[in-house]
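See below for final39.csv, which holds CSV, C-alpha atoms.
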```csv
chain,number,residue,atom,x,y,z
A,10,MET,CA,97.6,92.2,99.6
A,11,ASN,CA,96.5,90.2,102.7
A,12,ALA,CA,96.4,91.5,106.3
A,13,VAL,CA,99.9,90.3,107.2
A,14,GLU,CA,101.3,92.2,104.2
A,15,ARG,CA,99.3,95.4,105.0
A,16,SER,CA,100.1,95.3,108.7
A,17,ILE,CA,102.9,97.1,110.5
A,18,VAL,CA,104.0,95.0,113.4
A,19,ALA,CA,107.3,94.4,115.2
A,20,ASP,CA,107.8,90.7,114.5
A,21,GLN,CA,105.4,88.5,112.6
A,22,SER,CA,107.2,85.3,113.8
A,23,LEU,CA,105.7,85.9,117.3
A,24,ALA,CA,102.2,85.0,116.1
A,25,PRO,CA,102.0,81.5,117.7
A,26,GLU,CA,102.5,83.0,121.2
A,27,GLY,CA,99.8,85.6,120.4
A,28,HIS,CA,97.4,82.9,119.3
A,29,LEU,CA,97.8,81.1,122.7
A,30,LYS,CA,97.1,84.3,124.6
A,31,ILE,CA,93.9,85.0,122.5
A,32,ASP,CA,92.7,81.4,122.9
A,33,TRP,CA,93.1,81.6,126.7
A,34,VAL,CA,91.0,84.8,127.1
A,35,LYS,CA,88.4,83.5,124.6
A,36,ALA,CA,87.9,80.5,126.9
A,37,HIS,CA,87.1,82.9,129.8
A,38,MET,CA,84.8,85.3,127.9
A,39,PRO,CA,81.5,83.5,127.7
A,40,VAL,CA,79.4,86.7,127.2
A,41,LEU,CA,81.5,87.9,124.2
A,42,ASN,CA,81.4,84.3,122.8
A,43,ARG,CA,77.6,84.4,122.9
A,44,ILE,CA,77.5,87.8,121.1
A,45,ARG,CA,80.0,86.4,118.6
A,46,GLU,CA,77.5,83.6,117.8
A,47,GLN,CA,74.8,86.2,117.2
A,48,PHE,CA,77.1,88.3,115.0
A,49,GLU,CA,78.1,85.4,112.9
A,50,LYS,CA,74.4,84.7,112.1
A,51,GLU,CA,73.2,88.3,111.7
A,52,GLN,CA,76.3,89.9,110.1
A,53,PRO,CA,75.5,93.4,111.4
A,54,PHE,CA,78.7,94.9,110.0
A,55,ARG,CA,78.8,93.2,106.6
A,56,GLY,CA,80.6,95.4,104.1
A,57,LEU,CA,81.7,98.0,106.7
A,58,LYS,CA,85.1,99.1,107.9
A,59,VAL,CA,85.8,99.4,111.6
A,60,ALA,CA,88.8,101.1,113.1
A,61,ILE,CA,89.7,100.2,116.7
A,62,SER,CA,92.1,102.0,119.1
A,63,LEU,CA,92.5,100.1,122.4
A,64,HIS,CA,95.2,98.7,124.6
A,65,LEU,CA,96.3,96.1,122.2
A,66,GLU,CA,96.5,92.9,124.2
A,67,ALA,CA,94.7,89.5,124.1
A,68,LYS,CA,91.3,90.6,125.4
A,69,THR,CA,91.1,93.5,123.0
A,70,ALA,CA,92.3,91.2,120.2
A,71,TYR,CA,89.4,89.0,120.8
A,72,LEU,CA,86.9,91.9,120.7
A,73,ALA,CA,88.4,92.7,117.3
A,74,LYS,CA,87.8,89.2,116.2
A,75,VAL,CA,84.2,89.3,117.4
A,76,VAL,CA,83.6,92.5,115.4
A,77,GLN,CA,85.2,90.8,112.4
A,78,ALA,CA,82.9,87.8,112.8
A,79,GLY,CA,80.0,90.3,112.4
A,80,GLY,CA,81.2,90.9,108.8
A,81,ALA,CA,83.5,93.9,109.3
A,82,GLU,CA,86.8,94.7,107.8
A,83,VAL,CA,88.8,95.5,110.9
A,84,THR,CA,91.9,97.7,111.4
A,85,ILE,CA,93.4,98.1,114.8
A,86,THR,CA,96.0,100.2,116.5
A,87,GLY,CA,97.2,100.7,120.1
A,88,SER,CA,96.0,103.3,122.5
A,89,ASN,CA,99.2,103.4,124.6
A,90,PRO,CA,102.8,102.8,123.5
A,91,LEU,CA,103.6,100.6,126.4
A,92,SER,CA,100.5,98.4,126.5
A,93,THR,CA,100.8,97.0,123.0
A,94,GLN,CA,101.9,93.3,122.9
A,95,ASP,CA,103.8,92.4,119.8
A,96,ASP,CA,102.9,88.7,119.8
A,97,VAL,CA,99.1,89.6,119.9
A,98,CYS,CA,99.6,92.0,117.0
A,99,ALA,CA,101.2,89.3,114.9
A,100,ALA,CA,98.4,86.8,115.7
A,101,LEU,CA,95.7,89.3,114.7
A,102,ALA,CA,97.4,90.0,111.4
A,103,GLU,CA,97.5,86.2,110.6
A,104,ASP,CA,93.7,86.2,111.4
A,105,GLY,CA,92.9,88.7,108.7
A,106,ILE,CA,92.8,91.9,110.8
A,107,THR,CA,95.0,94.8,109.7
A,108,VAL,CA,97.3,95.9,112.5
A,109,PHE,CA,99.2,99.1,112.8
A,110,ALA,CA,100.9,98.8,116.2
A,111,LYS,CA,104.2,98.1,118.0
A,112,TYR,CA,105.4,98.0,121.5
A,113,ASN,CA,107.0,101.3,122.6
A,114,PRO,CA,107.2,103.2,119.3
A,115,ASP,CA,108.6,106.7,119.5
A,116,PRO,CA,105.9,109.4,119.7
A,117,GLN,CA,106.0,110.3,116.0
A,118,GLU,CA,105.6,106.7,114.9
A,119,TYR,CA,102.9,106.1,117.4
A,120,LYS,CA,100.8,108.9,116.0
A,121,GLU,CA,101.6,107.8,112.4
A,122,LEU,CA,100.3,104.3,113.1
A,123,MET,CA,97.1,105.8,114.5
A,124,ILE,CA,96.6,108.0,111.4
A,125,LYS,CA,97.2,105.0,109.1
A,126,THR,CA,94.4,103.3,110.9
A,127,LEU,CA,92.1,106.2,110.1
A,128,GLU,CA,93.3,106.3,106.5
A,129,THR,CA,91.4,103.1,105.9
A,130,LYS,CA,88.3,105.4,106.0
A,131,PRO,CA,86.3,103.5,108.6
A,132,ASP,CA,82.5,103.6,108.8
A,133,LEU,CA,82.6,102.9,112.6
A,134,ILE,CA,85.2,103.3,115.3
A,135,ILE,CA,85.9,102.0,118.8
A,136,ASP,CA,88.1,104.5,120.7
A,137,ASP,CA,90.0,104.5,124.0
A,138,GLY,CA,90.9,108.0,125.4
A,139,GLY,CA,89.4,109.8,122.4
A,140,ASP,CA,92.6,109.8,120.3
A,141,LEU,CA,90.9,108.7,117.0
A,142,VAL,CA,88.1,111.2,117.5
A,143,THR,CA,90.5,114.0,118.3
A,144,ILE,CA,92.6,113.3,115.2
A,145,LEU,CA,89.5,113.2,113.0
A,146,HIS,CA,88.3,116.5,114.4
A,147,SER,CA,91.6,118.3,114.1
A,148,GLU,CA,94.4,117.5,111.7
A,149,ARG,CA,92.7,114.9,109.6
A,150,ARG,CA,89.2,116.3,109.0
A,151,ASP,CA,89.5,115.0,105.4
A,152,LEU,CA,88.9,111.5,106.9
A,153,LEU,CA,85.6,112.4,108.6
A,154,GLU,CA,83.4,111.7,105.6
A,155,GLY,CA,81.6,108.4,105.9
A,156,VAL,CA,82.1,107.9,109.7
A,157,ARG,CA,78.8,106.8,111.0
A,158,GLY,CA,79.7,106.8,114.7
A,159,GLY,CA,81.4,104.8,117.4
A,160,ALA,CA,81.9,103.9,121.0
A,161,GLU,CA,84.3,105.2,123.6
A,162,GLU,CA,85.9,103.1,126.4
A,163,THR,CA,87.2,105.5,129.0
A,164,THR,CA,86.4,108.3,131.4
A,165,THR,CA,89.1,110.4,129.8
A,166,GLY,CA,87.8,109.8,126.3
A,167,ILE,CA,84.2,110.7,127.3
A,168,LEU,CA,85.4,114.0,128.9
A,169,ARG,CA,87.0,114.9,125.6
A,170,LEU,CA,83.9,113.9,123.6
A,171,LYS,CA,81.6,115.9,125.9
A,172,ALA,CA,83.8,118.9,125.4
A,173,LEU,CA,83.5,118.5,121.6
A,174,ASP,CA,79.8,118.0,122.0
A,175,LYS,CA,79.3,121.0,124.2
A,176,GLU,CA,81.0,123.2,121.6
A,177,GLY,CA,78.8,121.8,118.9
A,178,ARG,CA,81.8,120.3,117.0
A,179,LEU,CA,81.2,116.6,117.3
A,180,GLU,CA,80.7,115.3,113.8
A,181,PHE,CA,79.1,111.9,114.5
A,182,PRO,CA,77.4,110.0,117.4
A,183,MET,CA,79.5,108.3,120.0
A,184,VAL,CA,78.2,105.9,122.7
A,185,ALA,CA,79.7,106.5,126.2
A,186,VAL,CA,80.4,102.9,127.0
A,187,ASN,CA,82.4,103.9,130.1
A,188,ASP,CA,79.2,105.3,131.7
A,189,ALA,CA,77.3,102.0,131.5
A,190,PHE,CA,76.6,100.1,134.7
A,191,CYS,CA,78.3,96.9,133.5
A,192,LYS,CA,81.4,99.0,132.7
A,193,TYR,CA,82.1,101.2,135.7
A,194,LEU,CA,80.6,98.9,138.4
A,195,PHE,CA,82.8,96.0,137.4
A,196,ASP,CA,85.6,97.0,135.0
A,197,ASN,CA,86.5,100.3,136.7
A,198,ARG,CA,86.1,99.0,140.2
A,199,TYR,CA,87.1,95.3,140.3
A,200,GLY,CA,89.1,95.3,137.1
A,201,THR,CA,91.2,98.4,137.9
A,202,GLY,CA,91.5,97.4,141.6
A,203,GLN,CA,93.0,94.0,140.8
A,204,SER,CA,95.1,94.9,137.7
A,205,VAL,CA,96.7,97.9,139.3
A,206,PHE,CA,98.2,95.8,142.0
A,207,ASP,CA,99.0,93.0,139.6
A,208,GLY,CA,101.2,95.6,137.7
A,209,ILE,CA,102.7,97.1,140.9
A,210,ASN,CA,103.5,93.8,142.5
A,211,ARG,CA,104.9,92.2,139.3
A,212,THR,CA,107.1,95.2,138.7
A,213,THR,CA,108.4,96.0,142.2
A,214,ASN,CA,108.3,92.6,143.9
A,215,LEU,CA,107.7,94.5,147.2
A,216,VAL,CA,105.1,93.9,149.9
A,217,VAL,CA,102.0,96.0,150.2
A,218,ALA,CA,100.9,94.9,153.7
A,219,GLY,CA,101.8,97.4,156.3
A,220,LYS,CA,102.5,100.2,153.8
A,221,THR,CA,100.6,103.4,153.3
A,222,VAL,CA,98.9,103.5,149.9
A,223,VAL,CA,97.7,106.9,148.7
A,224,VAL,CA,94.8,106.7,146.2
A,225,VAL,CA,94.4,109.9,144.3
A,226,GLY,CA,90.8,110.2,143.2
A,227,TYR,CA,87.8,108.3,144.5
A,228,GLY,CA,85.8,107.6,141.4
A,229,TRP,CA,84.9,104.0,140.5
A,230,CYS,CA,88.5,103.2,139.7
A,231,GLY,CA,89.7,104.8,142.9
A,232,LYS,CA,87.2,102.8,144.9
A,233,GLY,CA,88.5,99.6,143.4
A,234,VAL,CA,92.2,100.5,144.0
A,235,ALA,CA,91.4,101.5,147.6
A,236,MET,CA,89.5,98.3,148.2
A,237,ARG,CA,92.2,96.1,146.9
A,238,ALA,CA,94.9,98.0,148.8
A,239,LYS,CA,93.0,97.5,152.0
A,240,GLY,CA,92.6,93.8,151.2
A,241,LEU,CA,96.4,93.5,150.7
A,242,GLY,CA,96.9,94.9,154.2
A,243,ALA,CA,97.7,98.5,153.5
A,244,GLN,CA,96.8,101.6,155.3
A,245,VAL,CA,94.8,103.6,152.7
A,246,VAL,CA,94.7,107.4,152.3
A,247,VAL,CA,92.4,109.0,149.8
A,248,THR,CA,92.8,112.4,148.3
A,249,GLU,CA,89.8,114.1,146.5
A,250,ILE,CA,88.5,117.4,145.2
A,251,ASP,CA,84.9,116.3,145.4
A,252,ALA,CA,83.3,116.8,148.8
A,253,ILE,CA,80.7,114.0,148.2
A,254,LYS,CA,83.3,111.5,147.2
A,255,ALA,CA,85.5,112.5,150.1
A,256,VAL,CA,82.7,111.8,152.5
A,257,GLU,CA,82.1,108.5,150.8
A,258,ALA,CA,85.8,107.5,151.2
A,259,TYR,CA,85.7,108.5,154.9
A,260,MET,CA,82.6,106.4,155.5
A,261,ASP,CA,84.2,103.5,153.6
A,262,GLY,CA,86.8,103.5,156.3
A,263,PHE,CA,89.7,105.4,154.6
A,264,THR,CA,91.7,108.4,155.8
A,265,VAL,CA,91.0,111.5,153.7
A,266,LEU,CA,93.7,114.1,153.4
A,267,PRO,CA,94.8,116.8,151.0
A,268,MET,CA,97.7,115.8,148.8
A,269,SER,CA,100.0,118.2,150.6
A,270,GLU,CA,99.6,116.0,153.7
A,271,ALA,CA,99.2,112.6,152.1
A,272,ALA,CA,102.5,113.2,150.1
A,273,LYS,CA,104.4,113.1,153.4
A,274,ILE,CA,103.3,109.7,154.5
A,275,GLY,CA,102.7,107.6,151.4
A,276,ASP,CA,104.8,104.6,150.4
A,277,TYR,CA,102.8,103.9,147.3
A,278,PHE,CA,100.8,106.4,145.2
A,279,VAL,CA,98.2,105.5,142.6
A,280,THR,CA,96.7,108.3,140.5
A,281,VAL,CA,93.2,107.6,139.0
A,282,THR,CA,91.8,111.1,138.3
A,283,GLY,CA,91.9,111.6,134.5
A,284,ASN,CA,93.4,115.0,135.2
A,285,ARG,CA,96.9,116.4,135.0
A,286,ASP,CA,99.5,117.3,137.6
A,287,VAL,CA,97.7,115.8,140.6
A,288,ILE,CA,101.2,114.9,141.9
A,289,ARG,CA,103.6,117.7,141.2
A,290,GLY,CA,106.7,119.5,142.4
A,291,GLU,CA,105.5,120.7,145.8
A,292,HIS,CA,104.5,117.1,146.6
A,293,PHE,CA,107.9,115.6,145.5
A,294,GLU,CA,109.6,118.0,148.0
A,295,VAL,CA,108.0,116.3,151.0
A,296,MET,CA,107.8,112.6,150.0
A,297,LYS,CA,109.6,109.8,151.8
A,298,ASP,CA,112.8,108.4,150.5
A,299,GLY,CA,111.8,105.4,148.4
A,300,ALA,CA,108.2,106.5,147.6
A,301,ILE,CA,106.8,104.6,144.6
A,302,LEU,CA,104.6,106.5,142.2
A,303,SER,CA,102.2,104.9,139.7
A,304,ASN,CA,99.3,106.0,137.5
A,305,ALA,CA,96.1,104.2,136.4
A,306,GLY,CA,94.6,107.2,134.4
A,307,HIS,CA,94.6,107.1,130.7
A,308,PHE,CA,97.4,109.6,129.9
A,309,ASP,CA,100.8,110.0,131.5
A,310,VAL,CA,100.1,113.5,132.8
A,311,GLU,CA,98.8,112.8,136.3
A,312,VAL,CA,102.3,112.7,137.7
A,313,ASN,CA,104.2,115.8,136.6
A,314,LYS,CA,107.3,114.1,135.1
A,315,PRO,CA,109.1,117.3,134.0
A,316,GLU,CA,108.9,118.8,137.5
A,317,LEU,CA,110.2,115.5,139.0
A,318,ALA,CA,113.1,115.4,136.5
A,319,ALA,CA,113.9,119.1,137.3
A,320,GLN,CA,114.2,118.3,141.0
A,321,SER,CA,116.4,115.3,140.4
A,322,SER,CA,120.2,115.1,140.1
A,323,SER,CA,120.0,111.8,138.2
A,324,VAL,CA,117.5,109.4,136.6
A,325,ARG,CA,118.2,105.7,135.9
A,326,THR,CA,116.3,102.5,135.1
A,327,VAL,CA,116.7,100.1,138.1
A,328,ARG,CA,114.3,97.4,136.9
A,329,ARG,CA,112.1,96.9,133.9
A,330,ASN,CA,109.4,99.6,134.2
A,331,ILE,CA,111.0,101.3,137.2
A,332,GLU,CA,112.8,104.6,136.9
A,333,GLU,CA,114.7,105.9,139.9
A,334,TYR,CA,114.7,109.7,140.3
A,335,GLN,CA,117.4,110.7,142.8
A,336,LEU,CA,116.5,114.1,144.1
A,337,LYS,CA,119.1,116.8,144.8
A,338,ASP,CA,118.9,116.2,148.6
A,339,GLY,CA,119.6,112.5,148.1
A,340,ARG,CA,116.1,111.1,148.5
A,341,LYS,CA,115.0,108.6,145.8
A,342,ILE,CA,111.5,108.5,144.2
A,343,TYR,CA,110.5,105.6,141.9
A,344,LEU,CA,108.2,106.0,139.0
A,345,LEU,CA,106.6,102.9,137.5
A,346,ALA,CA,105.9,102.4,133.8
A,347,GLU,CA,107.0,106.0,132.8
A,348,GLY,CA,103.8,107.3,134.6
A,349,ARG,CA,101.7,105.5,132.0
A,350,LEU,CA,98.9,103.0,132.9
A,351,VAL,CA,100.6,100.7,135.4
A,352,ASN,CA,98.1,97.9,135.0
A,353,LEU,CA,98.6,97.7,131.2
A,354,ALA,CA,102.1,99.1,130.7
A,355,ALA,CA,103.5,96.9,133.5
A,356,GLY,CA,100.9,94.1,133.5
A,357,ASP,CA,98.3,92.4,131.4
A,358,GLY,CA,95.4,94.7,132.3
A,359,HIS,CA,92.1,93.7,133.7
A,360,PRO,CA,91.0,90.1,134.2
A,361,ALA,CA,89.4,88.4,131.2
A,362,GLU,CA,86.1,87.8,133.0
A,363,ILE,CA,85.8,91.5,133.7
A,364,MET,CA,86.6,92.7,130.2
A,365,ASP,CA,84.1,90.1,128.9
A,366,MET,CA,81.3,92.4,130.1
A,367,THR,CA,83.0,95.6,129.0
A,368,PHE,CA,83.8,94.3,125.5
A,369,ALA,CA,80.3,92.8,125.2
A,370,LEU,CA,79.0,96.4,125.7
A,371,GLN,CA,81.4,97.7,123.1
A,372,ALA,CA,80.3,95.2,120.5
A,373,LEU,CA,76.6,95.7,121.2
A,374,SER,CA,77.1,99.5,121.3
A,375,LEU,CA,78.8,99.5,118.0
A,376,LYS,CA,75.8,97.6,116.5
A,377,TYR,CA,73.4,100.1,118.2
A,378,VAL,CA,75.1,103.1,116.7
A,379,ASN,CA,75.3,101.5,113.3
A,380,ASP,CA,71.6,100.7,113.3
A,381,ARG,CA,70.6,104.2,114.5
A,382,TYR,CA,73.3,106.7,113.6
A,383,GLY,CA,71.0,108.9,111.6
A,384,ALA,CA,68.4,109.1,114.3
A,385,ILE,CA,70.9,109.6,117.1
A,386,GLY,CA,72.5,112.7,115.6
A,387,LYS,CA,75.9,114.2,116.3
A,388,THR,CA,76.1,113.8,120.0
A,389,VAL,CA,77.3,111.7,122.9
A,390,VAL,CA,74.7,109.1,124.1
A,391,ASN,CA,74.6,106.6,126.9
A,392,VAL,CA,74.4,102.9,126.4
A,393,PRO,CA,70.7,102.0,126.5
A,394,TYR,CA,69.7,100.3,129.7
A,395,GLU,CA,68.4,97.3,127.7
A,396,LEU,CA,71.9,96.6,126.4
A,397,ASP,CA,73.4,96.9,129.9
A,398,GLU,CA,70.8,94.6,131.3
A,399,GLN,CA,71.3,92.1,128.4
A,400,VAL,CA,75.0,91.9,129.2
A,401,ALA,CA,74.3,91.3,132.9
A,402,ARG,CA,71.7,88.6,132.1
A,403,TYR,CA,74.2,86.8,129.8
A,404,LYS,CA,76.8,87.0,132.6
A,405,LEU,CA,74.5,85.5,135.1
A,406,GLU,CA,73.5,82.7,132.7
A,407,SER,CA,77.2,81.9,132.1
A,408,LEU,CA,77.7,81.6,135.9
A,409,GLY,CA,74.6,79.4,136.3
A,410,ILE,CA,72.9,82.0,138.5
A,411,SER,CA,69.1,82.5,138.4
A,412,ILE,CA,67.3,85.6,139.8
A,413,ASP,CA,63.7,86.3,140.6
A,414,ARG,CA,61.2,87.9,138.3
A,415,LEU,CA,58.3,90.2,139.2
A,416,SER,CA,54.8,88.7,139.1
A,417,ASP,CA,52.0,90.5,137.2
A,418,GLU,CA,50.6,91.6,140.6
A,419,GLN,CA,54.0,93.0,141.7
A,420,LYS,CA,54.4,94.9,138.4
A,421,ALA,CA,50.9,96.4,138.8
A,422,TYR,CA,51.6,97.4,142.4
A,423,LEU,CA,54.8,99.2,141.4
A,424,GLN,CA,53.1,101.1,138.6
A,425,SER,CA,50.0,102.2,140.6
A,426,TRP,CA,49.7,105.2,143.0
A,427,GLN,CA,46.5,103.8,144.4
A,428,GLU,CA,47.5,100.4,145.7
A,429,HIS,CA,49.1,100.1,149.1
```
Write-out of the structure in structure tokens:
Amino acid sequence: MNAVERSIVADQSLAPEGHLKIDWVKAHMPVLNRIREQFEKEQPFRGLKVAISLHLEAKTAYLAKVVQAGGAEVTITGSNPLSTQDDVCAALAEDGITVFAKYNPDPQEYKELMIKTLETKPDLIIDDGGDLVTILHSERRDLLEGVRGGAEETTTGILRLKALDKEGRLEFPMVAVNDAFCKYLFDNRYGTGQSVFDGINRTTNLVVAGKTVVVVGYGWCGKGVAMRAKGLGAQVVVTEIDAIKAVEAYMDGFTVLPMSEAAKIGDYFVTVTGNRDVIRGEHFEVMKDGAILSNAGHFDVEVNKPELAAQSSSVRTVRRNIEEYQLKDGRKIYLLAEGRLVNLAAGDGHPAEIMDMTFALQALSLKYVNDRYGAIGKTVVNVPYELDEQVARYKLESLGISIDRLSDEQKAYLQSWQEH
């Protein structure tokens, strides 16, 4: 049985469109292309099975093909029901990768597709949000045997991994890719900042300039969203629970308010906390008529949808990916992409050049954990600085940019306490 026959996709006839998308991003991912050349020569994953759960669109598809080029038998599934692109799934199946994914499956089918991915008994995994790891450590512990380790993409996933690790229950090593410099400085900041407003603008077709944008959370993703909102001409308000980040937002020129006050003045809201219920019933009660809510955190729990529905007299879809909640007092609040990741559920996600660096880290981290899984132990580890620096160096070379190097005298000076 070939990959097309094994796969579960929505429509295999869409493959030509998917191939075009993958070819486009490949042309704009020079760092990953360079790593692919290395993998083709070295075959670091020869004879191994790799399971991947990521937002299944073109850039992710190309990462899967790079891992495949390293000798792996790859199986892939989506990490969000609304971010899966059916044409990309079909193209991957034609290219010999087993795909268990469809756009917008019901919750039961979505989970079944993820479990089928794990039933291939992978040696290595790439996870997004910790779903594969969670299933392996709960209801399908029978599939744990043979898993050497893996890499995690997101803040949310790393929080879950560290909770497992703290309890001493993590059964294999995982590399925290999200915590690497070349991930959060560029992907979380510039990637999220741009792609969030790509999704919002594509979906609403409304102006941002002159509006008030409330950014909920000022981590690296929040910094990017706030920066991009400011660039589009918005007045930006930041809400935070961390005093240090709140001071940082203030000194970056943004108004800092508690959500109870920000809720009264916001036109757009973007949640980027990784936590639940950061916008909830008490906030809906004071929002403007026409407020637009969106989420860029991994799970659709940051906006409390049950409480919003309970306060509403009617709910209807007014445009693709826009639900209108009419509150009992007549005000209308709009929720984008069902409260799921607006940049992927209502857009194409981060730019290819940004994900080039992140997915290069994923590929190199997977090789790292495979080479050293016995020595690492059952814990969460950071991406080694050498891999981070390697990705940055490849990126600079692809841009034709050179940087200075320390002389022997400068190195000696920095390493000595006597010289001055």
Worksheet item: Which is closer to A:Ala243 than all the others in A:Val223, A:Ile44, A:Met183, A:Val287, using all atoms listed in the file?
Response: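 Closest to A:Ala243, using all atoms listed in the file: A:Val223.
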Worksheet item: From the list A:Glu311, A:Asp380, A:Asp207, A:Asp365, which residue is nearest A:Arg349 when using all atoms listed in the file?
Response: A:Glu311
Tell me, as a short mmCIF file (atom, residue, chain, number, x, y, z; two decimals) with C-alpha atoms, in the frame of the given file, which residues lie within 12 Å of A:Pro315, counting all atoms listed in the file; anything in the same chain fewer than 2 positions away does not count.
```cif
data_model
loop_
_atom_site.label_atom_id
_atom_site.label_comp_id
_atom_site.auth_asym_id
_atom_site.auth_seq_id
_atom_site.Cartn_x
_atom_site.Cartn_y
_atom_site.Cartn_z
CA ASP A 286 99.50 117.30 137.60
CA ILE A 288 101.20 114.90 141.90
CA ARG A 289 103.60 117.70 141.20
CA GLY A 290 106.70 119.50 142.40
CA PHE A 293 107.90 115.60 145.50
CA ASP A 309 100.80 110.00 131.50
CA VAL A 310 100.10 113.50 132.80
CA GLU A 311 98.80 112.80 136.30
CA VAL A 312 102.30 112.70 137.70
CA ASN A 313 104.20 115.80 136.60
CA LEU A 317 110.20 115.50 139.00
CA ALA A 318 113.10 115.40 136.50
CA ALA A 319 113.90 119.10 137.30
CA GLN A 320 114.20 118.30 141.00
CA SER A 321 116.40 115.30 140.40
CA VAL A 324 117.50 109.40 136.60
CA TYR A 334 114.70 109.70 140.30
CA GLU A 347 107.00 106.00 132.80
CA GLY A 348 103.80 107.30 134.60
#
```
Fill in: Among listed residues A:Gly358, A:Arg149, A:Ala235, A:Leu370, nearest A:Asn187 (using all atoms listed in the file)
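Among the listed residues, the smallest separation from A:Asn187 belongs to A:Leu370.
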Worksheet entry | Which residue of A:Leu350, A:Ile124, A:Ile412, A:Leu170 approaches A:Asp151 most closely, using all atoms listed in the file | A:Ile124
Worksheet entry | Of the listed residues A:Asp136, A:Asp20, A:Asp115, A:Glu51, that which approaches A:Val186 most closely, counting all atoms listed in the file |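 Ranking A:Asp136, A:Asp20, A:Asp115, A:Glu51 by distance to A:Val186, first place goes to A:Asp136.
The nearest approach to A:Glu121 among the residues A:Val142, A:Met260, A:Leu153, A:Ile17, with only C-alpha atoms taken into account, belongs to A:Ile17.
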Could the residues of stretch 335-419 of chain A that have an atom at most 8 Å from stretch 90-107 of chain A be listed as a Markdown table, each with its closest atom pair and the distance in Å to one decimal, counting all atoms listed in the file and ordered by chain and ascending residue number?
```
| residue | atom | partner | partner_atom | distance |
| --- | --- | --- | --- | --- |
| A:Ala346 | CA | A:Leu91 | CA | 8.0 |
| A:Arg349 | CA | A:Leu91 | CA | 7.7 |
| A:Leu353 | CA | A:Ser92 | CA | 5.1 |
| A:Ala354 | CA | A:Ser92 | CA | 4.5 |
| A:Ala355 | CA | A:Ser92 | CA | 7.8 |
```
Item to complete: Identify the residues within 7 Å of coordinate (72.6, 101.5, 131.8) (same frame as the file), considering only C-alpha atoms, and give the answer as a ChimeraX atom specification.
Response: /A:189-190,392-394,397
Worksheet item: So how many Å separate atom CA of A:Ala255 and atom CA of A:Val216, to one decimal?
Response: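 Computing it gives 27.0 Å between the two atoms.
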Worksheet item: So how far away is atom CA of A:Thr282 from atom CA of A:Asp298, in Å?
Response: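 Taking atom CA of A:Asp298 as the start and atom CA of A:Thr282 as the end point, the length is 24.4 Å.
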Worksheet item: What is the atom CA of A:Gln424-atom CA of A:Ile385 distance in Å, reported with one decimal?
Response: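 Distance between the two atoms: 29.2 Å.
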Worksheet entry | Contacts of A:Leu179 at 9 Å (only C-alpha atoms; same-chain gap of 6+ positions) as number ranges by chain | A: 142, 146, 170-173, 387-389
I'd like the neighbourhood of A:Val295 as a compact mmCIF listing (two decimals) with C-alpha atoms, in the coordinates of the input, where a residue qualifies if any of its atoms comes within 9 Å (using all atoms listed in the file), though same-chain residues fewer than 6 positions away should be ignored.
```txt
# COMPACT_ATOMS: atom_id res chain seq x y z
CA SER A 269 100.00 118.20 150.60
CA GLU A 270 99.60 116.00 153.70
CA ALA A 272 102.50 113.20 150.10
CA LYS A 273 104.40 113.10 153.40
CA ILE A 274 103.30 109.70 154.50
```
Worksheet item: Could you pull the residues within 12 Å of A:Lys297, counting all atoms listed in the file, minus those fewer than 2 positions along the same chain, as a PyMOL selection string?
Response: chain A and resi 221+270-278+292-295+299-302+335-336+338-343
Worksheet item: Neighbours of stretch 67-75 of chain A within 6 Å (all atoms listed in the file; same-chain residues fewer than 6 positions away dropped), as a ChimeraX atom specification?
Response: /A:30-31,45
